[in-house]
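Peer 1: Sharing run-v1.txt below, compact mmCIF, N, CA, C and O atoms:
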```txt
# COMPACT_ATOMS: atom_id res chain seq x y z
N MET A 1 10.99 5.11 -4.02
CA MET A 1 10.58 6.36 -4.61
C MET A 1 11.81 6.97 -5.30
O MET A 1 12.90 6.97 -4.74
N TRP A 2 11.61 7.42 -6.49
CA TRP A 2 12.69 8.06 -7.26
C TRP A 2 12.42 9.55 -7.33
O TRP A 2 11.36 9.99 -7.74
N VAL A 3 13.41 10.35 -6.93
CA VAL A 3 13.32 11.80 -6.98
C VAL A 3 14.57 12.32 -7.67
O VAL A 3 15.68 11.90 -7.36
N LYS A 4 14.39 13.24 -8.60
CA LYS A 4 15.52 13.81 -9.33
C LYS A 4 16.10 14.98 -8.55
O LYS A 4 15.37 15.81 -8.02
N TYR A 5 17.43 15.06 -8.46
CA TYR A 5 18.11 16.13 -7.74
C TYR A 5 19.10 16.80 -8.69
O TYR A 5 20.06 16.19 -9.14
N GLU A 6 18.83 18.06 -9.04
CA GLU A 6 19.71 18.81 -9.95
C GLU A 6 19.92 20.21 -9.42
O GLU A 6 18.98 20.85 -8.95
N ASN A 7 21.13 20.69 -9.53
CA ASN A 7 21.48 22.06 -9.19
C ASN A 7 21.02 22.44 -7.78
O ASN A 7 20.51 23.55 -7.55
N GLY A 8 21.14 21.54 -6.84
CA GLY A 8 20.77 21.83 -5.46
C GLY A 8 19.29 21.84 -5.17
O GLY A 8 18.85 22.28 -4.12
N LYS A 9 18.47 21.35 -6.12
CA LYS A 9 17.02 21.33 -5.92
C LYS A 9 16.47 19.94 -6.25
O LYS A 9 17.00 19.23 -7.09
N PHE A 10 15.39 19.60 -5.58
CA PHE A 10 14.70 18.35 -5.87
C PHE A 10 13.67 18.61 -6.95
O PHE A 10 12.90 19.56 -6.87
N ASP A 11 13.66 17.75 -7.97
CA ASP A 11 12.71 17.88 -9.06
C ASP A 11 11.61 16.84 -8.88
O ASP A 11 11.86 15.64 -8.92
N LEU A 12 10.39 17.30 -8.66
CA LEU A 12 9.28 16.39 -8.45
C LEU A 12 8.46 16.14 -9.71
O LEU A 12 7.44 15.47 -9.67
N GLN A 13 8.89 16.66 -10.85
CA GLN A 13 8.13 16.48 -12.08
C GLN A 13 8.15 15.03 -12.56
O GLN A 13 7.17 14.53 -13.07
N GLU A 14 9.25 14.36 -12.42
CA GLU A 14 9.38 12.98 -12.89
C GLU A 14 9.47 12.02 -11.71
O GLU A 14 10.20 11.05 -11.75
N THR A 15 8.73 12.29 -10.67
CA THR A 15 8.76 11.47 -9.48
C THR A 15 7.93 10.22 -9.68
O THR A 15 6.83 10.28 -10.22
N GLU A 16 8.48 9.09 -9.26
CA GLU A 16 7.75 7.82 -9.30
C GLU A 16 7.78 7.21 -7.91
O GLU A 16 8.81 7.23 -7.25
N MET A 17 6.65 6.70 -7.48
CA MET A 17 6.58 6.05 -6.18
C MET A 17 5.98 4.66 -6.40
O MET A 17 4.92 4.53 -7.01
N TYR A 18 6.67 3.65 -5.92
CA TYR A 18 6.18 2.28 -6.01
C TYR A 18 5.74 1.83 -4.62
O TYR A 18 6.50 1.95 -3.67
N ILE A 19 4.54 1.34 -4.53
CA ILE A 19 4.02 0.80 -3.27
C ILE A 19 3.80 -0.69 -3.52
O ILE A 19 3.01 -1.06 -4.40
N LYS A 20 4.50 -1.52 -2.78
CA LYS A 20 4.44 -2.97 -3.00
C LYS A 20 4.03 -3.68 -1.72
O LYS A 20 4.36 -3.25 -0.63
N ARG A 21 3.33 -4.79 -1.89
CA ARG A 21 2.96 -5.64 -0.77
C ARG A 21 3.44 -7.04 -1.09
O ARG A 21 3.15 -7.57 -2.17
N ALA A 22 4.19 -7.63 -0.17
CA ALA A 22 4.73 -8.97 -0.37
C ALA A 22 4.31 -9.86 0.79
O ALA A 22 4.01 -9.38 1.89
N ASP A 23 4.32 -11.17 0.53
CA ASP A 23 4.00 -12.10 1.60
C ASP A 23 5.25 -12.41 2.41
O ASP A 23 6.31 -11.82 2.20
N GLN A 24 5.12 -13.33 3.36
CA GLN A 24 6.23 -13.63 4.26
C GLN A 24 7.43 -14.23 3.56
O GLN A 24 8.54 -14.25 4.09
N TYR A 25 7.25 -14.75 2.32
CA TYR A 25 8.35 -15.36 1.58
C TYR A 25 8.95 -14.41 0.54
O TYR A 25 9.84 -14.79 -0.20
N GLY A 26 8.43 -13.20 0.47
CA GLY A 26 8.96 -12.21 -0.46
C GLY A 26 8.27 -12.19 -1.81
O GLY A 26 8.67 -11.45 -2.71
N GLN A 27 7.23 -13.00 -1.99
CA GLN A 27 6.50 -13.02 -3.25
C GLN A 27 5.60 -11.79 -3.33
O GLN A 27 4.91 -11.45 -2.39
N LEU A 28 5.62 -11.13 -4.47
CA LEU A 28 4.84 -9.91 -4.67
C LEU A 28 3.35 -10.25 -4.74
O LEU A 28 2.93 -11.09 -5.53
N LEU A 29 2.55 -9.62 -3.90
CA LEU A 29 1.11 -9.83 -3.89
C LEU A 29 0.38 -8.74 -4.66
O LEU A 29 -0.52 -9.00 -5.43
N LYS A 30 0.77 -7.49 -4.44
CA LYS A 30 0.12 -6.37 -5.10
C LYS A 30 1.09 -5.21 -5.20
O LYS A 30 1.89 -4.99 -4.31
N GLN A 31 1.00 -4.46 -6.31
CA GLN A 31 1.92 -3.35 -6.54
C GLN A 31 1.14 -2.18 -7.15
O GLN A 31 0.27 -2.38 -7.97
N THR A 32 1.50 -0.98 -6.75
CA THR A 32 0.92 0.24 -7.30
C THR A 32 2.05 1.19 -7.64
O THR A 32 3.02 1.31 -6.91
N LYS A 33 1.91 1.87 -8.78
CA LYS A 33 2.92 2.85 -9.20
C LYS A 33 2.23 4.20 -9.32
O LYS A 33 1.23 4.34 -10.03
N LEU A 34 2.75 5.20 -8.63
CA LEU A 34 2.23 6.56 -8.70
C LEU A 34 3.27 7.42 -9.43
O LEU A 34 4.45 7.39 -9.10
N THR A 35 2.82 8.20 -10.41
CA THR A 35 3.74 9.04 -11.18
C THR A 35 3.27 10.49 -11.14
O THR A 35 2.13 10.78 -10.81
N ASN A 36 4.18 11.38 -11.52
CA ASN A 36 3.91 12.82 -11.59
C ASN A 36 3.29 13.36 -10.31
O ASN A 36 2.25 14.00 -10.32
N LEU A 37 3.93 13.05 -9.21
CA LEU A 37 3.44 13.52 -7.92
C LEU A 37 3.91 14.94 -7.65
O LEU A 37 4.97 15.36 -8.10
N THR A 38 3.11 15.67 -6.92
CA THR A 38 3.52 16.99 -6.45
C THR A 38 3.66 16.90 -4.93
O THR A 38 3.30 15.89 -4.33
N ALA A 39 4.17 17.95 -4.34
CA ALA A 39 4.37 17.93 -2.89
C ALA A 39 3.05 17.78 -2.15
O ALA A 39 3.00 17.18 -1.09
N SER A 40 1.97 18.28 -2.71
CA SER A 40 0.67 18.18 -2.03
C SER A 40 -0.07 16.89 -2.35
O SER A 40 -1.03 16.56 -1.67
N SER A 41 0.35 16.15 -3.38
CA SER A 41 -0.38 14.94 -3.75
C SER A 41 0.26 13.66 -3.24
O SER A 41 -0.20 12.57 -3.57
N PHE A 42 1.32 13.77 -2.42
CA PHE A 42 1.92 12.57 -1.85
C PHE A 42 0.92 11.92 -0.90
O PHE A 42 0.32 12.60 -0.08
N PRO A 43 0.72 10.61 -0.99
CA PRO A 43 -0.23 9.96 -0.09
C PRO A 43 0.34 9.84 1.32
O PRO A 43 1.55 9.75 1.51
N THR A 44 -0.55 9.82 2.29
CA THR A 44 -0.12 9.58 3.66
C THR A 44 0.16 8.08 3.80
O THR A 44 -0.14 7.30 2.90
N VAL A 45 0.71 7.69 4.92
CA VAL A 45 1.03 6.28 5.15
C VAL A 45 -0.23 5.43 5.09
O VAL A 45 -0.25 4.38 4.44
N LYS A 46 -1.30 5.89 5.72
CA LYS A 46 -2.55 5.13 5.73
C LYS A 46 -3.14 5.00 4.33
O LYS A 46 -3.66 3.96 3.96
N GLU A 47 -3.06 6.06 3.53
CA GLU A 47 -3.57 6.00 2.17
C GLU A 47 -2.75 5.05 1.30
O GLU A 47 -3.30 4.32 0.49
N ALA A 48 -1.43 5.07 1.48
CA ALA A 48 -0.57 4.18 0.71
C ALA A 48 -0.83 2.72 1.06
O ALA A 48 -0.90 1.86 0.18
N ILE A 49 -0.99 2.42 2.33
CA ILE A 49 -1.27 1.05 2.75
C ILE A 49 -2.63 0.60 2.23
O ILE A 49 -2.81 -0.54 1.81
N ALA A 50 -3.60 1.50 2.22
CA ALA A 50 -4.94 1.16 1.75
C ALA A 50 -4.94 0.81 0.26
O ALA A 50 -5.77 0.02 -0.20
N GLN A 51 -4.02 1.36 -0.50
CA GLN A 51 -3.97 1.09 -1.94
C GLN A 51 -3.52 -0.33 -2.24
O GLN A 51 -3.90 -0.90 -3.26
N VAL A 52 -2.70 -0.92 -1.40
CA VAL A 52 -2.18 -2.26 -1.68
C VAL A 52 -2.74 -3.33 -0.75
O VAL A 52 -2.46 -4.51 -0.94
N SER A 53 -3.52 -2.96 0.23
CA SER A 53 -4.05 -3.96 1.14
C SER A 53 -5.40 -4.47 0.63
O SER A 53 -6.09 -3.80 -0.13
N GLU A 54 -5.72 -5.65 1.07
CA GLU A 54 -7.00 -6.24 0.68
C GLU A 54 -8.06 -5.84 1.68
O GLU A 54 -7.77 -5.63 2.85
N LYS A 55 -9.26 -5.75 1.22
CA LYS A 55 -10.35 -5.41 2.11
C LYS A 55 -10.64 -6.62 2.98
O LYS A 55 -10.61 -7.75 2.51
N PRO A 56 -10.93 -6.40 4.24
CA PRO A 56 -11.19 -7.54 5.13
C PRO A 56 -12.43 -8.31 4.69
O PRO A 56 -13.43 -7.72 4.29
N LYS A 57 -12.32 -9.63 4.76
CA LYS A 57 -13.44 -10.48 4.40
C LYS A 57 -14.43 -10.51 5.56
O LYS A 57 -14.06 -10.36 6.71
N GLU A 58 -15.68 -10.70 5.22
CA GLU A 58 -16.69 -10.79 6.26
C GLU A 58 -16.50 -12.09 7.02
O GLU A 58 -16.28 -13.14 6.42
N GLN A 59 -16.58 -12.00 8.30
CA GLN A 59 -16.44 -13.19 9.11
C GLN A 59 -17.82 -13.77 9.38
O GLN A 59 -18.79 -13.04 9.60
N ALA A 60 -17.89 -15.08 9.35
CA ALA A 60 -19.16 -15.75 9.63
C ALA A 60 -19.49 -15.55 11.10
O ALA A 60 -18.61 -15.37 11.95
N ALA A 61 -20.77 -15.57 11.39
CA ALA A 61 -21.20 -15.40 12.78
C ALA A 61 -20.63 -16.54 13.63
O ALA A 61 -20.67 -17.71 13.23
N LEU A 62 -20.08 -16.19 14.75
CA LEU A 62 -19.50 -17.20 15.61
C LEU A 62 -20.60 -18.01 16.27
O LEU A 62 -21.58 -17.47 16.76
N ARG A 63 -20.41 -19.31 16.29
CA ARG A 63 -21.37 -20.19 16.92
C ARG A 63 -20.91 -20.48 18.34
O ARG A 63 -19.74 -20.74 18.58
N LYS A 64 -21.84 -20.44 19.24
CA LYS A 64 -21.51 -20.77 20.62
C LYS A 64 -21.37 -22.28 20.74
O LYS A 64 -22.22 -23.03 20.27
N ARG A 65 -20.31 -22.68 21.33
CA ARG A 65 -20.08 -24.11 21.54
C ARG A 65 -20.49 -24.45 22.96
O ARG A 65 -19.75 -24.22 23.89
N GLY A 66 -21.63 -24.96 23.07
CA GLY A 66 -22.12 -25.33 24.38
C GLY A 66 -23.34 -26.20 24.26
O GLY A 66 -23.93 -26.34 23.19
N PHE A 67 -23.71 -26.79 25.34
CA PHE A 67 -24.86 -27.68 25.34
C PHE A 67 -25.90 -27.11 26.29
O PHE A 67 -25.58 -26.77 27.43
N ARG A 68 -27.11 -26.95 25.81
CA ARG A 68 -28.18 -26.43 26.65
C ARG A 68 -29.26 -27.49 26.81
O ARG A 68 -29.55 -28.24 25.91
N MET A 69 -29.86 -27.47 27.96
CA MET A 69 -30.96 -28.41 28.21
C MET A 69 -32.23 -27.66 28.42
O MET A 69 -32.38 -26.66 28.92
```
Mind turning this structure into structure tokens?

Peer 2:
Amino acid sequence: MWVKYENGKFDLQETEMYIKRADQYGQLLKQTKLTNLTASSFPTVKEAIAQVSEKPKEQAALRKRGFRM
């Protein structure tokens, strides 16, 4: 996140926030850039993670492994 600091104050007008998701090898999977943020529009941790995470895939119904007579 880049924040400008001038004359003893933080300037949020030109704020940029990069949210990135990488795999175990460091390869970029997904990236989001948020600009012109205000103090009230900063995302929470859960919201930021939701922006770059994939939606869970539906799992197939589990089959019981057993033999019935």

Peer 1: For stretch 26-36 of chain A, please output as a list of chain:residue names all residues within 6 Å (counting only N, CA, C and O atoms; exclusion window: fewer than 4 positions along the same chain).

Peer 2: A:Leu12, A:Gln13, A:Glu14, A:Thr15, A:Glu16, A:Met17, A:Tyr18, A:Ile19, A:Lys20, A:Arg21, A:Ala22, A:Val52

Peer 1: Check chain A with DSSP on the backbone and list each residue it calls helix (DSSP H, G or I), as a compact mmCIF listing (two decimals) with N, CA, C and O atoms, keeping the file's coordinate frame.

Peer 2:
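Full text of part17.txt as output:
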```
# COMPACT_ATOMS: atom_id res chain seq x y z
N VAL A 45 0.71 7.69 4.92
CA VAL A 45 1.03 6.28 5.15
C VAL A 45 -0.23 5.43 5.09
O VAL A 45 -0.25 4.38 4.44
N LYS A 46 -1.30 5.89 5.72
CA LYS A 46 -2.55 5.13 5.73
C LYS A 46 -3.14 5.00 4.33
O LYS A 46 -3.66 3.96 3.96
N GLU A 47 -3.06 6.06 3.53
CA GLU A 47 -3.57 6.00 2.17
C GLU A 47 -2.75 5.05 1.30
O GLU A 47 -3.30 4.32 0.49
N ALA A 48 -1.43 5.07 1.48
CA ALA A 48 -0.57 4.18 0.71
C ALA A 48 -0.83 2.72 1.06
O ALA A 48 -0.90 1.86 0.18
N ILE A 49 -0.99 2.42 2.33
CA ILE A 49 -1.27 1.05 2.75
C ILE A 49 -2.63 0.60 2.23
O ILE A 49 -2.81 -0.54 1.81
N ALA A 50 -3.60 1.50 2.22
CA ALA A 50 -4.94 1.16 1.75
C ALA A 50 -4.94 0.81 0.26
O ALA A 50 -5.77 0.02 -0.20
N GLN A 51 -4.02 1.36 -0.50
CA GLN A 51 -3.97 1.09 -1.94
C GLN A 51 -3.52 -0.33 -2.24
O GLN A 51 -3.90 -0.90 -3.26
N VAL A 52 -2.70 -0.92 -1.40
CA VAL A 52 -2.18 -2.26 -1.68
C VAL A 52 -2.74 -3.33 -0.75
O VAL A 52 -2.46 -4.51 -0.94
```

Peer 1: Between atom CA of A:Val3 and atom CA of A:Leu37, what is the distance in Å, rounded to a tenth?

Peer 2: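 Interatomic distance here is 10.1 Å.
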
Peer 1: Any idea what the distance is between atom CA of A:Lys55 and atom CA of A:Tyr25?

Peer 2: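 Distance between the two atoms: 21.2 Å.
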
Peer 1: When DSSP works through the backbone of this structure, what residues of stretch 5-67 of chain A end up as strand (DSSP E), shown as a list in words?

Peer 2: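 The residues of stretch 5-67 of chain A classed as strand (DSSP E) are Tyr5, Glu6, Lys9, Phe10, Asp11, Leu12, Gln13, Glu14, Thr15, Glu16, Met17, Tyr18, Ile19, Lys20, Arg21, Ala22, Leu28, Leu29, Lys30, Gln31, Thr32, Lys33, Leu34 and Thr35 of chain A.
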
Peer 1: Just give me the gap between atom CA of A:Ala39 and atom CA of A:Ser53 in Å, one decimal is fine.

Peer 2: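 Separation between atom CA of A:Ala39 and atom CA of A:Ser53: 23.8 Å.
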